[in-house]
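Data from run_36.txt: compact mmCIF, C-alpha atoms
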# COMPACT_ATOMS: atom_id res chain seq x y z
CA MET Q 26 -42.79 -42.54 -3.91
CA SER Q 27 -43.09 -40.78 -7.27
CA SER Q 28 -40.22 -39.04 -8.95
CA SER Q 29 -41.86 -35.61 -8.72
CA SER Q 30 -42.41 -35.87 -4.97
CA THR Q 31 -38.78 -36.97 -4.49
CA VAL Q 32 -37.58 -33.96 -6.45
CA GLN Q 33 -39.79 -31.66 -4.38
CA GLN Q 34 -38.45 -33.07 -1.12
CA LEU Q 35 -34.85 -32.77 -2.28
CA ASN Q 36 -35.43 -29.20 -3.42
CA PHE Q 37 -37.02 -28.41 -0.03
CA VAL Q 38 -33.98 -29.78 1.81
CA ILE Q 39 -31.68 -27.75 -0.45
CA GLN Q 40 -33.68 -24.60 0.26
CA GLN Q 41 -33.58 -25.14 4.02
CA LEU Q 42 -29.84 -25.72 3.95
CA ASN Q 43 -29.33 -22.53 1.96
CA ILE Q 44 -31.44 -20.60 4.45
CA TYR Q 45 -30.50 -21.82 7.91
CA VAL Q 46 -27.04 -23.37 7.54
CA ALA Q 47 -25.84 -20.68 5.13
CA ILE Q 48 -27.11 -17.86 7.36
CA ILE Q 49 -25.31 -19.38 10.36
CA ILE Q 50 -22.08 -19.61 8.33
CA PHE Q 51 -22.55 -16.05 7.07
CA THR Q 52 -23.21 -14.61 10.54
CA THR Q 53 -20.43 -16.48 12.32
CA GLY Q 54 -18.05 -15.71 9.46
CA ILE Q 55 -18.65 -11.96 9.60
CA ILE Q 56 -18.41 -11.83 13.40
CA GLY Q 57 -15.33 -14.07 13.52
CA GLY Q 58 -13.60 -12.14 10.73
CA LEU Q 59 -14.20 -8.81 12.44
CA LEU Q 60 -12.93 -10.15 15.77
CA ASN Q 61 -9.81 -11.47 14.02
CA ILE Q 62 -9.16 -8.05 12.52
CA ILE Q 63 -9.72 -6.32 15.88
CA ILE Q 64 -7.27 -8.65 17.64
CA PHE Q 65 -4.60 -8.59 14.93
CA THR Q 66 -4.68 -4.79 14.66
CA SER Q 67 -4.94 -4.04 18.40
CA LEU Q 68 -1.99 -6.06 19.66
CA LYS Q 69 1.59 -5.07 18.87
CA THR Q 70 2.46 -8.79 18.76
CA PHE Q 71 0.49 -9.12 15.52
CA ARG Q 72 0.27 -5.53 14.26
CA GLN Q 73 4.01 -5.08 13.77
CA THR Q 74 4.75 -8.53 12.33
CA SER Q 75 4.41 -9.71 8.74
CA CYS Q 76 2.57 -12.90 9.69
CA GLY Q 77 0.02 -10.87 11.64
CA PHE Q 78 -0.46 -8.65 8.59
CA TYR Q 79 -1.11 -11.70 6.39
CA LEU Q 80 -3.64 -13.05 8.88
CA THR Q 81 -5.37 -9.66 8.95
CA THR Q 82 -5.67 -9.51 5.17
CA THR Q 83 -6.87 -13.12 5.10
CA SER Q 84 -9.67 -12.23 7.53
CA LEU Q 85 -10.55 -9.16 5.46
CA PHE Q 86 -10.88 -11.18 2.24
CA ASN Q 87 -12.83 -13.89 4.08
CA ILE Q 88 -15.38 -11.23 5.03
CA GLY Q 89 -15.47 -10.13 1.39
CA GLN Q 90 -16.12 -13.71 0.30
CA ALA Q 91 -19.09 -13.91 2.67
CA LEU Q 92 -20.50 -10.55 1.58
CA PHE Q 93 -20.12 -10.95 -2.17
CA ALA Q 94 -20.57 -14.70 -2.71
CA LEU Q 95 -22.39 -16.34 0.20
CA SER Q 96 -24.95 -13.56 0.67
CA THR Q 97 -26.14 -13.75 -2.95
CA ARG Q 98 -26.33 -17.54 -2.68
CA ILE Q 99 -28.57 -17.24 0.39
CA LEU Q 100 -30.87 -14.79 -1.37
CA ASP Q 101 -31.00 -16.80 -4.61
CA SER Q 102 -31.22 -20.42 -3.40
CA GLY Q 103 -32.91 -19.74 -0.07
CA PHE Q 104 -35.40 -16.95 -0.78
CA ALA Q 105 -35.65 -17.02 -4.60
CA ILE Q 106 -34.29 -13.47 -4.85
CA ASN Q 107 -31.92 -13.54 -7.81
CA LEU Q 108 -29.63 -10.52 -7.83
CA THR Q 109 -27.38 -11.95 -10.57
CA ASN Q 110 -29.95 -12.35 -13.35
CA VAL Q 111 -28.65 -9.15 -14.95
CA SER Q 112 -25.42 -9.20 -16.91
CA TRP Q 113 -23.55 -6.50 -14.95
CA SER Q 114 -24.46 -7.94 -11.52
CA CYS Q 115 -23.47 -11.44 -12.65
CA LYS Q 116 -20.09 -10.21 -13.83
CA LEU Q 117 -19.51 -8.05 -10.74
CA ARG Q 118 -20.43 -10.84 -8.32
CA THR Q 119 -18.18 -13.34 -10.09
CA PHE Q 120 -15.28 -10.88 -10.26
CA LEU Q 121 -15.49 -9.98 -6.56
CA SER Q 122 -16.02 -13.54 -5.31
CA GLN Q 123 -13.17 -14.97 -7.41
CA SER Q 124 -10.82 -12.18 -6.34
CA CYS Q 125 -11.67 -12.57 -2.64
CA VAL Q 126 -11.29 -16.34 -2.58
CA LEU Q 127 -7.97 -16.24 -4.43
CA LEU Q 128 -6.63 -13.41 -2.28
CA SER Q 129 -7.69 -15.21 0.89
CA LEU Q 130 -5.92 -18.41 -0.12
CA THR Q 131 -2.88 -16.45 -1.28
CA SER Q 132 -2.63 -14.50 1.98
CA MET Q 133 -2.91 -17.69 4.03
CA SER Q 134 -0.25 -19.36 1.88
CA LEU Q 135 2.04 -16.35 2.29
CA ALA Q 136 1.45 -16.46 6.05
CA THR Q 137 2.67 -20.06 6.25
CA ILE Q 138 5.70 -19.27 4.06
CA ASP Q 139 6.49 -16.21 6.18
CA GLN Q 140 6.19 -18.26 9.38
CA PHE Q 141 8.76 -20.72 8.03
CA VAL Q 142 11.13 -18.00 6.78
CA SER Q 143 11.01 -16.15 10.11
CA MET Q 144 12.65 -19.16 11.79
CA THR Q 145 15.50 -19.55 9.29
CA SER Q 146 18.67 -17.67 8.39
CA TYR Q 147 16.61 -15.75 5.79
CA ARG Q 148 14.65 -14.05 8.52
CA HIS Q 149 15.33 -10.61 7.01
CA TRP Q 150 12.84 -11.48 4.25
CA SER Q 151 10.11 -11.73 6.90
CA SER Q 152 9.28 -8.06 7.28
CA LEU Q 153 6.13 -5.96 7.33
CA ARG Q 154 7.29 -3.97 4.33
CA THR Q 155 7.80 -7.14 2.26
CA ALA Q 156 4.39 -8.45 3.36
CA ARG Q 157 2.66 -5.29 2.17
CA ARG Q 158 4.39 -5.56 -1.19
CA HIS Q 159 3.36 -9.20 -1.57
CA VAL Q 160 -0.27 -8.45 -0.78
CA LEU Q 161 -0.30 -5.48 -3.16
CA ILE Q 162 1.17 -7.59 -5.97
CA SER Q 163 -1.35 -10.35 -5.24
CA CYS Q 164 -4.21 -7.86 -5.46
CA CYS Q 165 -3.00 -6.65 -8.84
CA VAL Q 166 -2.53 -10.18 -10.21
CA TRP Q 167 -5.90 -11.55 -9.10
CA CYS Q 168 -7.78 -8.42 -10.14
CA CYS Q 169 -6.29 -8.85 -13.61
CA HIS Q 170 -7.33 -12.50 -13.45
CA GLY Q 171 -10.87 -11.36 -12.66
CA ILE Q 172 -11.09 -9.53 -15.99
CA PHE Q 173 -11.72 -12.92 -17.63
CA ALA Q 174 -14.76 -13.37 -15.40
CA ILE Q 175 -16.10 -10.04 -16.62
CA LEU Q 176 -15.55 -11.11 -20.22
CA TYR Q 177 -16.90 -14.67 -20.12
CA TRP Q 178 -19.62 -14.75 -17.46
CA ASP Q 179 -23.09 -13.65 -18.55
CA THR Q 180 -26.82 -14.30 -18.19
CA PRO Q 181 -27.99 -15.77 -21.52
CA SER Q 182 -31.19 -17.27 -20.01
CA GLY Q 183 -31.39 -15.25 -16.82
CA ILE Q 184 -28.85 -17.58 -15.14
CA CYS Q 185 -25.34 -16.41 -14.31
CA THR Q 186 -23.06 -18.89 -16.09
CA THR Q 187 -20.45 -19.40 -18.81
CA ALA Q 188 -20.81 -20.98 -22.23
CA SER Q 189 -20.60 -24.78 -21.91
CA ASN Q 190 -18.24 -25.23 -24.86
CA SER Q 191 -15.98 -22.21 -24.24
CA SER Q 192 -12.25 -22.41 -23.60
CA TYR Q 193 -12.80 -20.41 -20.40
CA ARG Q 194 -15.07 -23.15 -19.03
CA ARG Q 195 -12.34 -25.69 -19.72
CA TYR Q 196 -9.93 -23.40 -17.89
CA LEU Q 197 -12.29 -23.41 -14.90
CA SER Q 198 -12.57 -27.20 -15.05
CA TYR Q 199 -8.92 -28.14 -15.49
CA PHE Q 200 -6.94 -25.33 -13.86
CA TYR Q 201 -8.87 -22.75 -11.81
CA THR Q 202 -10.83 -25.15 -9.60
CA PRO Q 203 -8.42 -28.10 -9.20
CA VAL Q 204 -5.19 -26.06 -9.11
CA LEU Q 205 -5.82 -22.48 -7.93
CA LEU Q 206 -8.58 -23.36 -5.46
CA GLY Q 207 -7.44 -26.86 -4.63
CA CYS Q 208 -4.01 -28.42 -5.03
CA LEU Q 209 -1.68 -25.40 -5.22
CA PRO Q 210 -2.63 -23.53 -2.01
CA ILE Q 211 -3.16 -26.78 -0.09
CA VAL Q 212 0.29 -28.14 -1.04
CA ILE Q 213 2.01 -24.82 -0.23
CA MET Q 214 0.28 -24.55 3.15
CA LEU Q 215 0.96 -28.15 4.09
CA ILE Q 216 4.66 -28.10 3.12
CA PHE Q 217 5.53 -24.84 4.88
CA SER Q 218 3.39 -25.59 7.94
CA ILE Q 219 5.17 -28.93 8.43
CA LEU Q 220 8.53 -27.23 7.96
CA SER Q 221 7.53 -24.55 10.49
CA PHE Q 222 6.50 -27.24 12.95
CA TYR Q 223 9.89 -28.91 12.52
CA ASN Q 224 11.69 -25.57 12.97
CA ILE Q 225 9.76 -24.73 16.13
CA ARG Q 226 10.84 -28.02 17.67
CA THR Q 227 14.43 -27.22 16.72
CA LEU Q 228 14.17 -23.77 18.31
CA ALA Q 229 12.83 -25.31 21.50
CA SER Q 230 16.04 -27.33 21.88
CA HIS Q 231 18.19 -24.18 21.66
CA HIS Q 232 18.46 -21.20 23.96
CA VAL Q 233 15.82 -19.00 22.36
CA ASN Q 234 13.96 -16.08 23.90
CA ILE Q 235 10.92 -17.55 25.67
CA VAL Q 236 8.61 -14.79 24.40
CA ARG Q 237 9.63 -15.36 20.80
CA LEU Q 238 9.34 -19.13 21.18
CA SER Q 239 5.83 -18.82 22.65
CA HIS Q 240 4.77 -16.49 19.84
CA GLU Q 241 6.14 -18.81 17.14
CA ARG Q 242 4.45 -21.82 18.72
CA GLN Q 243 1.15 -19.98 18.82
CA LEU Q 244 1.25 -18.98 15.14
CA THR Q 245 2.40 -22.43 14.02
CA ALA Q 246 -0.37 -24.22 15.92
CA MET Q 247 -3.01 -21.80 14.63
CA ALA Q 248 -1.82 -22.22 11.04
CA LEU Q 249 -1.60 -26.02 11.22
CA PHE Q 250 -5.16 -26.51 12.45
CA GLN Q 251 -6.54 -23.91 10.07
CA ILE Q 252 -4.83 -25.60 7.12
CA ALA Q 253 -6.09 -29.02 8.23
CA PHE Q 254 -9.65 -27.69 8.08
CA ILE Q 255 -9.01 -26.01 4.71
CA VAL Q 256 -7.92 -29.38 3.29
CA PHE Q 257 -10.96 -31.10 4.81
CA ALA Q 258 -13.35 -28.49 3.35
CA SER Q 259 -11.68 -27.99 -0.05
CA ILE Q 260 -11.34 -31.56 -1.34
CA PRO Q 261 -15.10 -32.38 -1.58
CA TYR Q 262 -15.84 -29.01 -3.20
CA THR Q 263 -13.02 -29.39 -5.73
CA ILE Q 264 -14.11 -32.91 -6.72
CA TYR Q 265 -17.77 -31.93 -7.04
CA THR Q 266 -17.06 -28.76 -9.03
CA ILE Q 267 -14.90 -30.62 -11.57
CA TYR Q 268 -17.60 -33.28 -11.90
CA ASP Q 269 -20.39 -30.71 -12.27
CA LEU Q 270 -18.57 -28.70 -14.93
CA ASN Q 271 -18.03 -31.80 -17.05
CA THR Q 272 -21.40 -33.54 -16.60
CA ILE Q 273 -24.76 -32.89 -18.22
CA ASN Q 274 -27.84 -34.44 -16.57
CA THR Q 275 -31.36 -34.47 -17.97
CA ASN Q 276 -33.13 -36.57 -15.31
CA PRO Q 277 -34.83 -34.19 -12.82
CA GLU Q 278 -34.29 -36.58 -9.90
CA ASP Q 279 -30.58 -36.94 -10.67
CA ILE Q 280 -30.28 -33.18 -11.02
CA ALA Q 281 -31.91 -32.68 -7.61
CA ARG Q 282 -29.59 -35.23 -5.96
CA HIS Q 283 -26.54 -33.61 -7.51
CA ARG Q 284 -27.73 -30.19 -6.36
CA LEU Q 285 -28.10 -31.50 -2.81
CA ILE Q 286 -24.57 -32.94 -2.84
CA GLY Q 287 -23.28 -29.74 -4.38
CA THR Q 288 -25.02 -27.61 -1.74
CA VAL Q 289 -23.40 -29.59 1.09
CA CYS Q 290 -19.96 -29.34 -0.57
CA VAL Q 291 -20.30 -25.62 -1.26
CA LEU Q 292 -21.48 -24.78 2.27
CA LEU Q 293 -18.64 -26.83 3.72
CA TYR Q 294 -16.23 -24.90 1.48
CA TYR Q 295 -17.66 -21.56 2.66
CA GLU Q 296 -17.26 -22.74 6.24
CA HIS Q 297 -13.47 -22.72 6.01
CA PHE Q 298 -13.60 -18.99 5.24
CA ALA Q 299 -15.79 -18.46 8.32
CA SER Q 300 -14.05 -20.76 10.80
CA SER Q 301 -10.58 -19.31 11.33
CA PHE Q 302 -11.44 -17.27 14.43
CA TYR Q 303 -13.14 -20.22 16.13
CA ILE Q 304 -10.28 -22.58 15.23
CA PHE Q 305 -7.77 -20.10 16.68
CA CYS Q 306 -9.81 -19.91 19.90
CA CYS Q 307 -10.01 -23.69 20.21
CA VAL Q 308 -6.34 -24.50 19.61
CA SER Q 309 -4.62 -21.54 21.29
CA LYS Q 310 -5.06 -20.69 24.95
CA ARG Q 311 -2.93 -17.61 24.42
CA PHE Q 312 -5.26 -16.41 21.64
CA ARG Q 313 -8.25 -16.73 24.00
CA LYS Q 314 -6.42 -14.63 26.59
CA GLN Q 315 -5.54 -12.08 23.91
CA LEU Q 316 -9.20 -11.95 22.86
CA ILE Q 317 -10.34 -11.23 26.42
CA TYR Q 318 -7.58 -8.65 26.89
CA VAL Q 319 -8.39 -6.81 23.66
CA LEU Q 320 -12.17 -6.77 24.16
CA PHE Q 321 -12.34 -5.99 27.88
CA LYS Q 322 -9.04 -4.34 28.78
CA ILE Q 323 -8.54 -2.20 25.69
CA HIS Q 324 -11.82 -1.53 23.88
CA LEU Q 325 -14.28 -1.80 26.80
CA ASN Q 326 -12.17 0.58 28.88
CA TRP Q 327 -12.00 2.95 25.92
CA ILE Q 328 -15.80 2.85 25.59
CA LYS Q 329 -16.17 3.56 29.32
CA LYS Q 330 -13.90 6.58 29.01
CA VAL Q 331 -15.91 8.13 26.16
CA PRO Q 332 -18.67 9.60 28.42
CA ASN Q 333 -16.00 11.08 30.71
CA LYS Q 334 -14.31 12.70 27.75
CA LEU Q 335 -17.65 14.12 26.59
CA ASN Q 336 -18.36 15.48 30.08
CA ASN Q 337 -14.90 17.05 30.24
CA ASN Q 338 -15.50 18.67 26.86
CA GLN Q 339 -18.82 20.03 28.10
CA ILE Q 340 -17.37 21.31 31.39
CA ALA Q 341 -14.40 22.99 29.75
CA PRO Q 342 -16.44 25.41 27.59
CA SER Q 343 -18.63 26.23 30.63
CA LEU Q 344 -15.59 27.11 32.72
CA GLU Q 345 -14.20 29.15 29.86
CA MET Q 346 -17.47 31.07 29.50
CA ALA Q 347 -17.62 31.65 33.25
CA SER Q 348 -14.10 33.01 33.36
CA THR Q 349 -14.88 35.27 30.41
CA VAL Q 350 -17.93 36.65 32.19
CA GLU Q 351 -15.88 37.34 35.34
CA VAL Q 352 -13.22 39.11 33.32
CA ASP Q 353 -15.89 41.22 31.61
CA ARG Q 354 -17.46 42.13 34.94
CA VAL Q 355 -14.28 43.43 36.56
CA PRO Q 356 -13.77 46.48 34.32
CA ILE Q 357 -17.44 47.41 34.78
CA VAL Q 358 -17.11 47.43 38.55
CA ASN Q 359 -13.93 49.50 38.37
CA ASP Q 360 -15.58 52.00 36.05
CA SER Q 361 -18.52 52.44 38.38
CA ILE Q 362 -16.24 53.06 41.35
CA HIS Q 363 -14.17 55.52 39.36
CA VAL Q 364 -17.24 57.51 38.32
CA ALA Q 365 -18.59 57.61 41.83

Turn the structure described in the file into structure tokens.
Amino acid sequence: MSSSSTVQQLNFVIQQLNIYVAIIIFTTGIIGGLLNIIIFTSLKTFRQTSCGFYLTTTSLFNIGQALFALSTRILDSGFAINLTNVSWSCKLRTFLSQSCVLLSLTSMSLATIDQFVSMTSYRHWSSLRTARRHVLISCCVWCCHGIFAILYWDTPSGICTTASNSSYRRYLSYFYTPVLLGCLPIVIMLIFSILSFYNIRTLASHHVNIVRLSHERQLTAMALFQIAFIVFASIPYTIYTIYDLNTINTNPEDIARHRLIGTVCVLLYYEHFASSFYIFCCVSKRFRKQLIYVLFKIHLNWIKKVPNKLNNNQIAPSLEMASTVEVDRVPIVNDSIHVA
């Protein structure tokens, strides 16, 4: 088999992955993220707790990651529609995707820390007001961080990239990818999830409210399995990205092979932003019951009541008009009798 035919086959496989697998990840990610937000905002169990607020914001930023990063990848690598070949779109896409991924990882890390704190003597730090402050501060910090993406990313040859010999590229290679996207959030999540698991076992041995214990167990189990998948999905992507940023290939066949490996790693990394809802459903029986309750008991009943409300609104004006007509008719009748 010639080198050119091998390259063509590899490029075809890459294109198919970026079309079918990426679209599945995109679709399931958007649906799962929206369902997470609906559940976390509909139930008082989550809506009025700081951990529930962190999980809601994580789902929101996961949706943003799919919309701003994965969608453009599908269009570019799958359908050859490059929306980032202009300077402003390249900078905007990089700014939004970096901000969303960092805010998602930060919110998930804060959720695990909050879950641990809520089961200690420092429980007063686990409040909805504190959670909102933390998320607001995180938004400010990572939006400021995104300014560097606006400054250093560009399209010198119609390709959205950074200068190969710039200090910013070295920052991406040695700090942003391995630390901010890799080691730091993973270590934080692992440490505080293990500590939360230990605390929940300690609470079980004491006389603790059964409702609170069940809620804490649910959140801890959901966080542990979600973090396990984040670790599984992040390590290959981190290793490949560091390798790709520091390697220059000139052989077309080697380039195609590396692109195929990179595509698999990147799609696996995107999957962890799209999988939280499905992981929660698999590991938590209570979450599945909450999903059914929210969709069918709350929102479906509300939808069924909408036509009745519309009919009541239509009947009410009719009754009001009828009563007005009757009131208007009475004086006329009296006048006619009086004249007669």

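CA of Thr66 in chain Q sits 22.2 Å away from CA of His149 in chain Q.
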
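For the choices Q:Leu249, Q:Ala91, Q:Ile286, Q:Leu325, the atom-to-atom distance to Ile49 in chain Q is smallest for Q:Ala91 when using all atoms listed in the file.
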
Legend entry - Pairwise distance for CA of Leu316 in chain Q and CA of Arg158 in chain Q, rounded to one decimal in Å: 28.4 Å

Inset, instruction - Find the residues near range 122-137 of chain Q: any atom within 9 Å, counting all atoms listed in the file, skip ones fewer than 5 places away on the same chain, and give them as a ChimeraX atom specification. - result: /Q:75-95,117,142,156,159-160,163-164,167-168,170-171,174,205-206,210-211,213-218,221,245,248-249,252,298

Inset, instruction - List every protein, DNA or RNA residue that has an atom no more than 12 Å from (-10.8, -19.9, 14.1) in the file's coordinate frame, counting only C-alpha atoms, and report them as a PyMOL selection string. - result: chain Q and resi 53-54+56-61+80+83-84+87+246-255+296-309+312-313+316

Inset, instruction - In Å, rounded to a single decimal, give me how far CA of Leu270 in chain Q is from CA of Ser198 in chain Q. - result: 6.2 Å

Inset, instruction - Would you list the contacts of Val291 in chain Q as a list of chain:residue names, taking every protein, DNA or RNA residue within 12 Å and counting all atoms listed in the file, but skipping same-chain residues closer than 4 positions in sequence? - result: Q:Ile39, Q:Leu42, Q:Asn43, Q:Val46, Q:Ala47, Q:Ile50, Q:Ala94, Q:Leu95, Q:Arg98, Q:Ile99, Q:Ala258, Q:Ser259, Q:Ile260, Q:Pro261, Q:Tyr262, Q:Thr263, Q:Ile264, Q:Tyr265, Q:Thr266, Q:His283, Q:Arg284, Q:Leu285, Q:Ile286, Q:Gly287, Q:Tyr295, Q:Glu296, Q:His297, Q:Phe298

Legend entry - Selected residue, from Q:Ser102, Q:Asn190, Q:Asn107, Q:Gln73, that lies nearest to Leu153 in chain Q when counting all atoms listed in the file: Q:Gln73

Inset, instruction - Would you kindly return, as a VMD selection string, each protein, DNA or RNA residue with an atom no farther than 10 Å from any atom of Thr31 in chain Q, considering all atoms listed in the file and excluding same-chain residues fewer than 6 positions away? - result: chain Q and resid 37 277 to 278 281 to 282

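Proximity to Gly183 in chain Q was assessed for Q:Val331, Q:Leu108, Q:Tyr45, Q:Val204 counting all atoms listed in the file; the smallest distance is recorded for Q:Leu108.
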